[in-house]
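A.B. asks: What follows is a structure written as structure tokens; I'll ask about it next.
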Number of protein chains: 2
Amino acid sequence: MPAKPKSADIAFRKHDHRRCQRQLMSAAKRLCEVRQLRLTSRRRQVLEILLASHRPMGAYDILAELNRGGAVDRIAPPIVYRALEFLVAEGLIHRIESRNAFICCIQPGHQNGAQFLICRDCERIAELENSDRSLLAEANSLGFEVDHSVVEITGLCAECQKHAG
Amino acid sequence: MPAKPKSADIAFRKHDHRRCQRQLMSAAKRLCEVRQLRLTSRRRQVLEILLASHRPMGAYDILAELNRGGAVDRIAPPIVYRALEFLVAEGLIHRIESRNAFICCIQPGHQNGAQFLICRDCERIAELENSDRSLLAEANSLGFEVDHSVVEITGLCAECQKHAG
DNA sequence: GGCATAATGTTATATTATAACGTAACCTAA
DNA sequence: TTAGGTTACGTTATAATATAACATTATGCC
């Protein structure tokens, strides 16, 4: 079994995307089985759309994707938002607060402490493994009980620095 | 001259708020002078509204505040958003991405690397001095050039933990 | 099958944000 | 001092994001 690609590689370097996609979908299915949750076809559809790109998409982009192909009965925003809510809650996707967007999670099930590098140019996002504890330590020392952390670093990825000259 | 209150104290403990407010407004004026920027009356109004509470406010909350007192000609959203844009750009206030809200900055002019502890119950927000460099180091090692970082930790502050019992 | 629950579908509307264009204030330099 | 550039403000309209409320369908379980 080949090594799992490092997080940043997925966003900013090459990887076997087909394979990655399949693996993440399998992982999602397994995770829902274990947790006795229903990965319904809507939820799967939305996850598939996000898995297809490793890129952040707005809820309305996903909605448009679902409505592509000109079906007569177009689905409405709440359907997408509900699927997204489920997927976020289960750690299968992340919400990128500074973009009002969603991206698939490459560590399915690890709800907490994801950190993102967001390229302002190409819009790709790398999900990093959390290394730092110092902030959480500081929170603790103030008696603050942490639920959820949002860490989003915006800048220019190596690739785009070249192009930007 | 008494010690400057620590960041977290401002949000979660007692401090001389009147004094703090005056100081931050003076700092803002000085900063704009130095930078040769115009702290116009609209901008000052918006900053004052944010200084009045040390709490996050939505753009439309601020708008409502500006329109209070029943003036006939009510001002419109772009005015508020423009003032907010200016104040954010100059590091006089922060945008809290996970809340679509704005809060005054207690370290005026320090644009980068603010970190926030946000209580989900009382909605108060502590602005911490940045301690951690490990994430930025990791970004560097990937050749990622950092512009701006968003760090927002949500949870329950010490006070609210007591009440929630 | 009948019932409870969970998920989806539908309609309408709330909330947040910006585009586009016109007007006023301010600066400065001949 | 005033013409001309620039910056900020004002106004209108609308875009983009998100949710409330309620109806319907699917699923699991006894």
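To be explicit about the labels: the chains of the structure tokens are called A, B, and onward in the order shown, and within each one the residues are counted from 1, while ligands get numbers from 1 in the order they are shown.
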Sorted by chain and rising residue number, list the residues of chain A at most 6 Å from chain B (counting only C-alpha atoms), each with its closest atom pair and distance in Å to one decimal, as a tab-separated table.

C.D. replies:
```
residue	atom	partner	partner_atom	distance
A:Glu97	CA	B:Ser98	CA	5.4
A:Ser98	CA	B:Glu97	CA	5.4
A:Gly143	CA	B:Ala158	CA	4.9
A:Phe144	CA	B:Cys157	CA	4.5
A:Glu145	CA	B:Leu156	CA	5.1
A:Val146	CA	B:Gly155	CA	4.4
A:Asp147	CA	B:Gly155	CA	4.5
A:His148	CA	B:Thr154	CA	5.2
A:Ser149	CA	B:Ile153	CA	4.3
A:Val150	CA	B:Glu152	CA	5.0
A:Val151	CA	B:Val151	CA	4.6
A:Glu152	CA	B:Val150	CA	5.0
A:Ile153	CA	B:Ser149	CA	4.3
A:Thr154	CA	B:His148	CA	5.2
A:Gly155	CA	B:Val146	CA	4.4
A:Leu156	CA	B:Glu145	CA	5.1
A:Cys157	CA	B:Phe144	CA	4.5
A:Ala158	CA	B:Gly143	CA	4.9
```

A.B. asks: Please, can I see chain A fitted onto chain B by all in-order Cα atoms (least squares), as a PDB file with C-alpha atoms, in the first residue's frame?

C.D. replies:
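Result went into out-v9.pdb, see below:
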```pdb
ATOM      1  CA  MET A   1       0.601  55.156  34.333  1.00  0.00           C
ATOM      2  CA  PRO A   2      -1.305  51.975  35.185  1.00  0.00           C
ATOM      3  CA  ALA A   3      -0.503  48.791  33.340  1.00  0.00           C
ATOM      4  CA  LYS A   4      -2.322  48.244  30.104  1.00  0.00           C
ATOM      5  CA  PRO A   5      -5.017  45.626  30.690  1.00  0.00           C
ATOM      6  CA  LYS A   6      -4.279  42.257  29.192  1.00  0.00           C
ATOM      7  CA  SER A   7      -6.342  41.427  26.146  1.00  0.00           C
ATOM      8  CA  ALA A   8      -8.401  38.686  27.664  1.00  0.00           C
ATOM      9  CA  ASP A   9      -9.191  40.854  30.642  1.00  0.00           C
ATOM     10  CA  ILE A  10     -10.971  43.323  28.463  1.00  0.00           C
ATOM     11  CA  ALA A  11     -13.400  40.788  27.211  1.00  0.00           C
ATOM     12  CA  PHE A  12     -13.814  38.469  30.123  1.00  0.00           C
ATOM     13  CA  ARG A  13     -12.969  40.485  33.215  1.00  0.00           C
ATOM     14  CA  LYS A  14     -13.429  43.974  34.544  1.00  0.00           C
ATOM     15  CA  HIS A  15     -11.635  46.973  33.174  1.00  0.00           C
ATOM     16  CA  ASP A  16     -12.077  50.725  33.130  1.00  0.00           C
ATOM     17  CA  HIS A  17     -14.118  50.810  30.004  1.00  0.00           C
ATOM     18  CA  ARG A  18     -14.523  54.582  29.643  1.00  0.00           C
ATOM     19  CA  ARG A  19     -10.833  55.018  29.834  1.00  0.00           C
ATOM     20  CA  CYS A  20     -10.170  52.182  27.424  1.00  0.00           C
ATOM     21  CA  GLN A  21     -12.581  53.653  24.932  1.00  0.00           C
ATOM     22  CA  ARG A  22     -10.918  57.069  25.078  1.00  0.00           C
ATOM     23  CA  GLN A  23      -7.496  55.546  24.719  1.00  0.00           C
ATOM     24  CA  LEU A  24      -8.420  53.504  21.706  1.00  0.00           C
ATOM     25  CA  MET A  25     -10.033  56.477  20.001  1.00  0.00           C
ATOM     26  CA  SER A  26      -6.943  58.593  20.657  1.00  0.00           C
ATOM     27  CA  ALA A  27      -4.755  55.846  19.344  1.00  0.00           C
ATOM     28  CA  ALA A  28      -6.875  55.679  16.200  1.00  0.00           C
ATOM     29  CA  LYS A  29      -6.579  59.411  15.677  1.00  0.00           C
ATOM     30  CA  ARG A  30      -2.847  59.352  16.165  1.00  0.00           C
ATOM     31  CA  LEU A  31      -2.446  56.407  13.855  1.00  0.00           C
ATOM     32  CA  CYS A  32      -4.403  58.110  11.095  1.00  0.00           C
ATOM     33  CA  GLU A  33      -2.374  61.290  11.489  1.00  0.00           C
ATOM     34  CA  VAL A  34       0.864  59.391  11.222  1.00  0.00           C
ATOM     35  CA  ARG A  35      -0.355  57.524   8.188  1.00  0.00           C
ATOM     36  CA  GLN A  36      -1.921  60.641   6.688  1.00  0.00           C
ATOM     37  CA  LEU A  37      -5.323  59.079   6.526  1.00  0.00           C
ATOM     38  CA  ARG A  38      -8.642  60.729   7.154  1.00  0.00           C
ATOM     39  CA  LEU A  39     -10.544  59.527  10.160  1.00  0.00           C
ATOM     40  CA  THR A  40     -13.703  61.174   8.866  1.00  0.00           C
ATOM     41  CA  SER A  41     -16.787  61.612  10.937  1.00  0.00           C
ATOM     42  CA  ARG A  42     -18.481  58.560   9.441  1.00  0.00           C
ATOM     43  CA  ARG A  43     -15.470  56.444  10.153  1.00  0.00           C
ATOM     44  CA  ARG A  44     -15.242  57.858  13.643  1.00  0.00           C
ATOM     45  CA  GLN A  45     -18.937  57.185  14.223  1.00  0.00           C
ATOM     46  CA  VAL A  46     -18.583  53.571  13.205  1.00  0.00           C
ATOM     47  CA  LEU A  47     -15.468  53.125  15.311  1.00  0.00           C
ATOM     48  CA  GLU A  48     -17.240  54.729  18.269  1.00  0.00           C
ATOM     49  CA  ILE A  49     -20.109  52.304  17.984  1.00  0.00           C
ATOM     50  CA  LEU A  50     -17.701  49.401  18.050  1.00  0.00           C
ATOM     51  CA  LEU A  51     -15.657  50.891  20.886  1.00  0.00           C
ATOM     52  CA  ALA A  52     -18.792  51.311  22.934  1.00  0.00           C
ATOM     53  CA  SER A  53     -19.151  47.627  23.560  1.00  0.00           C
ATOM     54  CA  HIS A  54     -16.042  45.541  22.910  1.00  0.00           C
ATOM     55  CA  ARG A  55     -18.504  43.137  21.405  1.00  0.00           C
ATOM     56  CA  PRO A  56     -18.872  41.851  17.894  1.00  0.00           C
ATOM     57  CA  MET A  57     -21.529  43.589  15.859  1.00  0.00           C
ATOM     58  CA  GLY A  58     -22.880  42.836  12.438  1.00  0.00           C
ATOM     59  CA  ALA A  59     -22.737  45.518   9.768  1.00  0.00           C
ATOM     60  CA  TYR A  60     -26.482  45.839   9.955  1.00  0.00           C
ATOM     61  CA  ASP A  61     -26.399  46.255  13.732  1.00  0.00           C
ATOM     62  CA  ILE A  62     -24.036  49.146  13.241  1.00  0.00           C
ATOM     63  CA  LEU A  63     -26.254  50.495  10.519  1.00  0.00           C
ATOM     64  CA  ALA A  64     -29.235  50.349  12.870  1.00  0.00           C
ATOM     65  CA  GLU A  65     -27.235  52.152  15.517  1.00  0.00           C
ATOM     66  CA  LEU A  66     -26.348  54.889  13.049  1.00  0.00           C
ATOM     67  CA  ASN A  67     -29.946  55.208  12.023  1.00  0.00           C
ATOM     68  CA  ARG A  68     -31.222  55.344  15.583  1.00  0.00           C
ATOM     69  CA  GLY A  69     -32.903  58.537  16.667  1.00  0.00           C
ATOM     70  CA  GLY A  70     -35.219  58.458  13.718  1.00  0.00           C
ATOM     71  CA  ALA A  71     -33.464  60.771  11.325  1.00  0.00           C
ATOM     72  CA  VAL A  72     -35.561  60.935   8.203  1.00  0.00           C
ATOM     73  CA  ASP A  73     -32.779  60.183   5.766  1.00  0.00           C
ATOM     74  CA  ARG A  74     -31.598  56.783   6.756  1.00  0.00           C
ATOM     75  CA  ILE A  75     -28.199  55.807   5.594  1.00  0.00           C
ATOM     76  CA  ALA A  76     -27.652  52.732   3.479  1.00  0.00           C
ATOM     77  CA  PRO A  77     -25.437  49.644   3.791  1.00  0.00           C
ATOM     78  CA  PRO A  78     -22.570  50.685   1.523  1.00  0.00           C
ATOM     79  CA  ILE A  79     -21.735  53.562   3.831  1.00  0.00           C
ATOM     80  CA  VAL A  80     -21.242  51.248   6.745  1.00  0.00           C
ATOM     81  CA  TYR A  81     -19.368  48.680   4.728  1.00  0.00           C
ATOM     82  CA  ARG A  82     -17.007  51.312   3.420  1.00  0.00           C
ATOM     83  CA  ALA A  83     -16.216  52.628   6.845  1.00  0.00           C
ATOM     84  CA  LEU A  84     -15.687  49.067   8.065  1.00  0.00           C
ATOM     85  CA  GLU A  85     -13.413  48.339   5.149  1.00  0.00           C
ATOM     86  CA  PHE A  86     -11.271  51.321   6.001  1.00  0.00           C
ATOM     87  CA  LEU A  87     -11.094  50.465   9.687  1.00  0.00           C
ATOM     88  CA  VAL A  88     -10.214  46.854   8.994  1.00  0.00           C
ATOM     89  CA  ALA A  89      -7.554  47.838   6.484  1.00  0.00           C
ATOM     90  CA  GLU A  90      -5.907  50.088   9.037  1.00  0.00           C
ATOM     91  CA  GLY A  91      -6.075  47.540  11.811  1.00  0.00           C
ATOM     92  CA  LEU A  92      -8.459  49.554  13.950  1.00  0.00           C
ATOM     93  CA  ILE A  93     -11.092  46.848  13.982  1.00  0.00           C
ATOM     94  CA  HIS A  94     -11.230  43.172  13.128  1.00  0.00           C
ATOM     95  CA  ARG A  95     -13.618  41.168  11.082  1.00  0.00           C
ATOM     96  CA  ILE A  96     -14.733  37.981  12.808  1.00  0.00           C
ATOM     97  CA  GLU A  97     -15.196  35.640   9.893  1.00  0.00           C
ATOM     98  CA  SER A  98     -17.077  32.934  11.702  1.00  0.00           C
ATOM     99  CA  ARG A  99     -19.692  35.447  12.789  1.00  0.00           C
ATOM    100  CA  ASN A 100     -19.881  37.902   9.927  1.00  0.00           C
ATOM    101  CA  ALA A 101     -19.218  40.517  12.516  1.00  0.00           C
ATOM    102  CA  PHE A 102     -16.790  43.235  13.492  1.00  0.00           C
ATOM    103  CA  ILE A 103     -15.124  44.083  16.750  1.00  0.00           C
ATOM    104  CA  CYS A 104     -12.801  46.864  17.798  1.00  0.00           C
ATOM    105  CA  CYS A 105      -9.126  46.055  17.929  1.00  0.00           C
ATOM    106  CA  ILE A 106      -7.393  46.508  21.236  1.00  0.00           C
ATOM    107  CA  GLN A 107      -3.972  46.701  19.635  1.00  0.00           C
ATOM    108  CA  PRO A 108      -4.690  49.365  17.047  1.00  0.00           C
ATOM    109  CA  GLY A 109      -2.540  49.103  14.007  1.00  0.00           C
ATOM    110  CA  HIS A 110      -1.402  45.518  14.486  1.00  0.00           C
ATOM    111  CA  GLN A 111      -3.130  44.174  11.414  1.00  0.00           C
ATOM    112  CA  ASN A 112      -1.729  40.708  11.478  1.00  0.00           C
ATOM    113  CA  GLY A 113      -2.105  37.594  13.432  1.00  0.00           C
ATOM    114  CA  ALA A 114      -4.836  38.445  15.871  1.00  0.00           C
ATOM    115  CA  GLN A 115      -6.373  35.430  17.509  1.00  0.00           C
ATOM    116  CA  PHE A 116      -9.785  35.274  19.092  1.00  0.00           C
ATOM    117  CA  LEU A 117     -11.538  33.299  21.773  1.00  0.00           C
ATOM    118  CA  ILE A 118     -15.260  33.546  21.155  1.00  0.00           C
ATOM    119  CA  CYS A 119     -17.758  32.516  23.799  1.00  0.00           C
ATOM    120  CA  ARG A 120     -20.737  30.873  22.153  1.00  0.00           C
ATOM    121  CA  ASP A 121     -22.924  31.748  25.096  1.00  0.00           C
ATOM    122  CA  CYS A 122     -22.277  35.369  26.042  1.00  0.00           C
ATOM    123  CA  GLU A 123     -20.743  36.179  22.658  1.00  0.00           C
ATOM    124  CA  ARG A 124     -17.851  38.048  24.171  1.00  0.00           C
ATOM    125  CA  ILE A 125     -14.574  37.809  22.326  1.00  0.00           C
ATOM    126  CA  ALA A 126     -11.061  37.958  23.709  1.00  0.00           C
ATOM    127  CA  GLU A 127      -8.302  39.109  21.430  1.00  0.00           C
ATOM    128  CA  LEU A 128      -5.064  37.336  22.235  1.00  0.00           C
ATOM    129  CA  GLU A 129      -1.547  38.329  21.477  1.00  0.00           C
ATOM    130  CA  ASN A 130      -0.114  35.981  18.971  1.00  0.00           C
ATOM    131  CA  SER A 131       2.278  33.541  20.511  1.00  0.00           C
ATOM    132  CA  ASP A 132       2.409  30.700  18.058  1.00  0.00           C
ATOM    133  CA  ARG A 133       4.667  30.685  15.056  1.00  0.00           C
ATOM    134  CA  SER A 134       4.639  27.004  14.224  1.00  0.00           C
ATOM    135  CA  LEU A 135       1.879  27.252  11.671  1.00  0.00           C
ATOM    136  CA  LEU A 136       3.508  30.168   9.923  1.00  0.00           C
ATOM    137  CA  ALA A 137       6.712  28.186   9.927  1.00  0.00           C
ATOM    138  CA  GLU A 138       4.922  25.296   8.279  1.00  0.00           C
ATOM    139  CA  ALA A 139       3.437  27.648   5.702  1.00  0.00           C
ATOM    140  CA  ASN A 140       6.911  28.955   4.973  1.00  0.00           C
ATOM    141  CA  SER A 141       8.335  25.508   4.571  1.00  0.00           C
ATOM    142  CA  LEU A 142       5.761  24.911   1.835  1.00  0.00           C
ATOM    143  CA  GLY A 143       6.791  28.116   0.130  1.00  0.00           C
ATOM    144  CA  PHE A 144       3.467  29.672   1.001  1.00  0.00           C
ATOM    145  CA  GLU A 145       3.607  33.434   1.420  1.00  0.00           C
ATOM    146  CA  VAL A 146       1.243  34.487   4.179  1.00  0.00           C
ATOM    147  CA  ASP A 147      -0.947  37.580   3.829  1.00  0.00           C
ATOM    148  CA  HIS A 148      -3.457  37.287   6.530  1.00  0.00           C
ATOM    149  CA  SER A 149      -4.428  34.832   9.184  1.00  0.00           C
ATOM    150  CA  VAL A 150      -7.785  34.088  10.698  1.00  0.00           C
ATOM    151  CA  VAL A 151      -7.754  32.296  14.038  1.00  0.00           C
ATOM    152  CA  GLU A 152     -11.074  32.032  15.788  1.00  0.00           C
ATOM    153  CA  ILE A 153     -11.601  29.631  18.649  1.00  0.00           C
ATOM    154  CA  THR A 154     -15.186  29.097  19.716  1.00  0.00           C
ATOM    155  CA  GLY A 155     -16.198  27.673  23.064  1.00  0.00           C
ATOM    156  CA  LEU A 156     -17.464  28.553  26.490  1.00  0.00           C
ATOM    157  CA  CYS A 157     -15.764  31.172  28.627  1.00  0.00           C
ATOM    158  CA  ALA A 158     -15.054  30.540  32.303  1.00  0.00           C
ATOM    159  CA  GLU A 159     -17.943  32.749  33.416  1.00  0.00           C
ATOM    160  CA  CYS A 160     -20.477  30.988  31.231  1.00  0.00           C
ATOM    161  CA  GLN A 161     -19.281  27.555  32.319  1.00  0.00           C
ATOM    162  CA  LYS A 162     -20.352  28.465  35.851  1.00  0.00           C
ATOM    163  CA  HIS A 163     -23.794  29.644  34.794  1.00  0.00           C
ATOM    164  CA  ALA A 164     -24.329  26.733  32.484  1.00  0.00           C
ATOM    165  CA  GLY A 165     -23.786  24.423  35.470  1.00  0.00           C
TER     166      GLY A 165
END
```

A.B. asks: Could you work out which residues of chain C fall inside 10 Å of chain B? Count only C-alpha atoms (C1' of nucleotides), and format the result as a list in words.

C.D. replies: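 That gives DT15, DT16, DA17 and DT18 of chain C for chain C.
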
A.B. asks: Give the helix (DSSP H, G or I) residues of segment 28-157 of chain A, as DSSP finds them on the backbone, and put them as a CSV table (one decimal) with N, CA, C and O atoms, in the first residue's frame.

C.D. replies:
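Listing of states_20.csv after writing:
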```
chain,number,residue,atom,x,y,z
A,28,ALA,N,-16.0,7.7,4.0
A,28,ALA,CA,-17.2,8.3,4.4
A,28,ALA,C,-18.3,7.2,4.7
A,28,ALA,O,-19.0,7.3,5.7
A,29,LYS,N,-18.4,6.3,3.8
A,29,LYS,CA,-19.4,5.2,3.9
A,29,LYS,C,-19.1,4.4,5.2
A,29,LYS,O,-20.0,4.2,6.0
A,30,ARG,N,-17.9,4.1,5.4
A,30,ARG,CA,-17.5,3.3,6.6
A,30,ARG,C,-17.8,4.1,7.8
A,30,ARG,O,-18.4,3.5,8.8
A,31,LEU,N,-17.4,5.3,7.8
A,31,LEU,CA,-17.6,6.1,9.0
A,31,LEU,C,-19.1,6.2,9.3
A,31,LEU,O,-19.5,6.2,10.5
A,32,CYS,N,-20.0,6.4,8.3
A,32,CYS,CA,-21.4,6.5,8.6
A,32,CYS,C,-22.0,5.1,9.1
A,32,CYS,O,-22.8,5.1,10.0
A,33,GLU,N,-21.4,4.0,8.6
A,33,GLU,CA,-21.9,2.7,9.1
A,33,GLU,C,-21.6,2.6,10.6
A,33,GLU,O,-22.4,2.3,11.4
A,34,VAL,N,-20.3,2.9,10.9
A,34,VAL,CA,-19.9,2.8,12.3
A,34,VAL,C,-20.7,3.6,13.2
A,34,VAL,O,-21.1,3.2,14.3
A,35,ARG,N,-21.0,4.8,12.7
A,35,ARG,CA,-21.8,5.8,13.6
A,35,ARG,C,-23.3,5.6,13.4
A,35,ARG,O,-24.0,6.3,14.0
A,41,SER,N,-28.6,9.5,-0.5
A,41,SER,CA,-28.1,9.8,-1.8
A,41,SER,C,-27.9,11.3,-2.0
A,41,SER,O,-27.0,11.7,-2.7
A,42,ARG,N,-28.7,12.1,-1.4
A,42,ARG,CA,-28.5,13.5,-1.5
A,42,ARG,C,-27.1,13.9,-0.8
A,42,ARG,O,-26.3,14.6,-1.4
A,43,ARG,N,-26.9,13.3,0.3
A,43,ARG,CA,-25.7,13.6,1.0
A,43,ARG,C,-24.5,13.1,0.2
A,43,ARG,O,-23.4,13.7,0.2
A,44,ARG,N,-24.7,11.9,-0.4
A,44,ARG,CA,-23.6,11.4,-1.2
A,44,ARG,C,-23.3,12.2,-2.4
A,44,ARG,O,-22.2,12.6,-2.7
A,45,GLN,N,-24.4,12.7,-3.0
A,45,GLN,CA,-24.3,13.6,-4.2
A,45,GLN,C,-23.4,14.8,-3.8
A,45,GLN,O,-22.5,15.2,-4.6
A,46,VAL,N,-23.8,15.4,-2.7
A,46,VAL,CA,-23.1,16.7,-2.3
A,46,VAL,C,-21.6,16.4,-2.0
A,46,VAL,O,-20.7,17.1,-2.5
A,47,LEU,N,-21.4,15.3,-1.3
A,47,LEU,CA,-20.0,14.9,-1.0
A,47,LEU,C,-19.3,14.6,-2.3
A,47,LEU,O,-18.1,15.1,-2.4
A,48,GLU,N,-19.9,13.9,-3.2
A,48,GLU,CA,-19.2,13.6,-4.5
A,48,GLU,C,-18.8,14.9,-5.2
A,48,GLU,O,-17.7,15.0,-5.8
A,49,ILE,N,-19.7,15.9,-5.2
A,49,ILE,CA,-19.4,17.1,-5.9
A,49,ILE,C,-18.2,17.8,-5.3
A,49,ILE,O,-17.3,18.3,-6.0
A,50,LEU,N,-18.1,17.7,-3.9
A,50,LEU,CA,-16.9,18.3,-3.3
A,50,LEU,C,-15.7,17.5,-3.5
A,50,LEU,O,-14.6,18.0,-3.6
A,51,LEU,N,-15.8,16.2,-3.5
A,51,LEU,CA,-14.7,15.3,-3.7
A,51,LEU,C,-14.1,15.4,-5.1
A,51,LEU,O,-13.0,15.2,-5.4
A,59,ALA,N,-22.2,27.1,-1.4
A,59,ALA,CA,-23.4,26.3,-1.4
A,59,ALA,C,-24.2,26.4,-2.7
A,59,ALA,O,-24.7,25.5,-3.2
A,60,TYR,N,-24.1,27.6,-3.2
A,60,TYR,CA,-24.9,27.8,-4.5
A,60,TYR,C,-24.2,27.3,-5.7
A,60,TYR,O,-24.8,26.9,-6.7
A,61,ASP,N,-22.9,27.1,-5.6
A,61,ASP,CA,-22.1,26.4,-6.7
A,61,ASP,C,-22.6,25.0,-6.7
A,61,ASP,O,-22.8,24.3,-7.7
A,62,ILE,N,-22.6,24.4,-5.5
A,62,ILE,CA,-23.0,23.0,-5.4
A,62,ILE,C,-24.5,22.8,-5.8
A,62,ILE,O,-24.8,21.9,-6.6
A,63,LEU,N,-25.3,23.8,-5.4
A,63,LEU,CA,-26.7,23.7,-5.9
A,63,LEU,C,-26.7,23.7,-7.4
A,63,LEU,O,-27.5,23.0,-8.0
A,64,ALA,N,-26.0,24.6,-8.0
A,64,ALA,CA,-26.0,24.7,-9.5
A,64,ALA,C,-25.5,23.4,-10.1
A,64,ALA,O,-26.1,22.9,-11.1
A,65,GLU,N,-24.5,22.8,-9.5
A,65,GLU,CA,-24.0,21.5,-10.0
A,65,GLU,C,-25.1,20.4,-9.9
A,65,GLU,O,-25.3,19.7,-10.8
A,66,LEU,N,-25.8,20.4,-8.8
A,66,LEU,CA,-26.9,19.5,-8.6
A,66,LEU,C,-28.0,19.7,-9.6
A,66,LEU,O,-28.7,18.8,-10.1
A,67,ASN,N,-28.2,20.9,-10.0
A,67,ASN,CA,-29.3,21.3,-10.9
A,67,ASN,C,-28.9,21.2,-12.4
A,67,ASN,O,-29.7,21.5,-13.2
A,77,PRO,N,-32.3,25.8,-2.1
A,77,PRO,CA,-31.1,25.9,-1.2
A,77,PRO,C,-31.2,25.1,0.1
A,77,PRO,O,-30.2,24.5,0.5
A,78,PRO,N,-32.3,25.0,0.8
A,78,PRO,CA,-32.3,24.2,2.1
A,78,PRO,C,-31.8,22.8,1.9
A,78,PRO,O,-31.1,22.3,2.8
A,79,ILE,N,-32.0,22.2,0.8
A,79,ILE,CA,-31.6,20.8,0.6
A,79,ILE,C,-30.1,20.7,0.6
A,79,ILE,O,-29.5,19.9,1.3
A,80,VAL,N,-29.4,21.7,-0.1
A,80,VAL,CA,-28.0,21.7,-0.1
A,80,VAL,C,-27.5,22.0,1.3
A,80,VAL,O,-26.6,21.3,1.8
A,81,TYR,N,-28.0,23.0,1.9
A,81,TYR,CA,-27.5,23.4,3.2
A,81,TYR,C,-27.7,22.3,4.3
A,81,TYR,O,-26.8,22.1,5.1
A,82,ARG,N,-28.7,21.5,4.1
A,82,ARG,CA,-28.9,20.4,5.1
A,82,ARG,C,-27.9,19.3,4.9
A,82,ARG,O,-27.4,18.8,5.9
A,83,ALA,N,-27.6,19.0,3.7
A,83,ALA,CA,-26.6,18.0,3.4
A,83,ALA,C,-25.3,18.5,3.9
A,83,ALA,O,-24.5,17.8,4.5
A,84,LEU,N,-25.0,19.8,3.6
A,84,LEU,CA,-23.7,20.4,4.1
A,84,LEU,C,-23.6,20.3,5.6
A,84,LEU,O,-22.5,20.0,6.2
A,85,GLU,N,-24.7,20.6,6.2
A,85,GLU,CA,-24.7,20.6,7.7
A,85,GLU,C,-24.3,19.2,8.2
A,85,GLU,O,-23.5,19.1,9.1
A,86,PHE,N,-25.0,18.3,7.7
A,86,PHE,CA,-24.7,16.9,8.1
A,86,PHE,C,-23.2,16.5,7.8
A,86,PHE,O,-22.5,16.0,8.7
A,87,LEU,N,-22.7,16.8,6.7
A,87,LEU,CA,-21.3,16.5,6.3
A,87,LEU,C,-20.3,17.2,7.2
A,87,LEU,O,-19.3,16.6,7.6
A,88,VAL,N,-20.6,18.5,7.5
A,88,VAL,CA,-19.7,19.2,8.4
A,88,VAL,C,-19.8,18.6,9.8
A,88,VAL,O,-18.7,18.4,10.4
A,89,ALA,N,-20.9,18.3,10.3
A,89,ALA,CA,-21.1,17.8,11.6
A,89,ALA,C,-20.3,16.5,11.8
A,89,ALA,O,-19.8,16.2,12.8
A,97,GLU,N,-14.6,29.5,6.7
A,97,GLU,CA,-15.4,30.7,7.1
A,97,GLU,C,-15.1,31.9,6.3
A,97,GLU,O,-15.9,32.7,6.0
A,98,SER,N,-13.8,32.1,6.0
A,98,SER,CA,-13.4,33.3,5.3
A,98,SER,C,-13.8,33.4,3.9
A,98,SER,O,-13.6,34.4,3.2
A,99,ARG,N,-14.4,32.3,3.4
A,99,ARG,CA,-14.8,32.2,2.0
A,99,ARG,C,-16.3,31.9,1.9
A,99,ARG,O,-16.8,31.8,0.7
A,134,SER,N,-0.2,25.6,21.4
A,134,SER,CA,0.1,26.7,22.3
A,134,SER,C,-1.2,27.6,22.5
A,134,SER,O,-1.4,28.1,23.6
A,135,LEU,N,-1.9,27.8,21.5
A,135,LEU,CA,-3.1,28.6,21.6
A,135,LEU,C,-4.2,27.9,22.5
A,135,LEU,O,-4.8,28.5,23.3
A,136,LEU,N,-4.3,26.6,22.2
A,136,LEU,CA,-5.3,25.9,23.0
A,136,LEU,C,-4.8,25.9,24.5
A,136,LEU,O,-5.7,26.0,25.4
A,137,ALA,N,-3.5,25.8,24.7
A,137,ALA,CA,-3.0,25.9,26.1
A,137,ALA,C,-3.4,27.3,26.7
A,137,ALA,O,-3.8,27.3,27.8
A,138,GLU,N,-3.2,28.3,25.9
A,138,GLU,CA,-3.6,29.6,26.4
A,138,GLU,C,-5.1,29.7,26.7
A,138,GLU,O,-5.5,30.3,27.8
A,139,ALA,N,-5.9,29.2,25.9
A,139,ALA,CA,-7.3,29.2,26.1
A,139,ALA,C,-7.6,28.5,27.4
A,139,ALA,O,-8.3,29.0,28.3
A,140,ASN,N,-7.0,27.3,27.6
A,140,ASN,CA,-7.2,26.6,28.8
A,140,ASN,C,-6.8,27.4,30.1
A,140,ASN,O,-7.5,27.4,31.1
A,141,SER,N,-5.7,28.1,30.0
A,141,SER,CA,-5.2,28.8,31.1
A,141,SER,C,-6.2,29.9,31.5
A,141,SER,O,-6.1,30.4,32.6
```

A.B. asks: Using only C-alpha atoms (C1' of nucleotides) and a cut-off of 12 Å, which residues of chain D sit close to chain B? Please list them as a PyMOL selection string.

C.D. replies: chain D and resi 7-13+17

A.B. asks: Enumerate the residues of segment 2-153 of chain A with a DSSP assignment of strand (DSSP E or B), computed from the backbone, and present them as a ChimeraX atom specification.

C.D. replies: /A:57,93-96,101-104,115-119,125-128,145-153

A.B. asks: Hey, what's within 12 Å of DT2 of chain D if we count only C-alpha atoms (C1' of nucleotides) and toss same-chain stuff fewer than 6 positions away? As an MDAnalysis selection string, please?

C.D. replies: chainID C and resid 28:30

A.B. asks: What does the distance between atom C1' of DA18 of chain D and atom C1' of DT13 of chain C come to in Å, to one decimal place?

C.D. replies: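 Between these atoms lies a distance of 10.4 Å.
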
A.B. asks: What does the distance between atom C1' of DA20 of chain D and atom C1' of DA19 of chain C come to in Å, to one decimal place?

C.D. replies: 29.1 Å
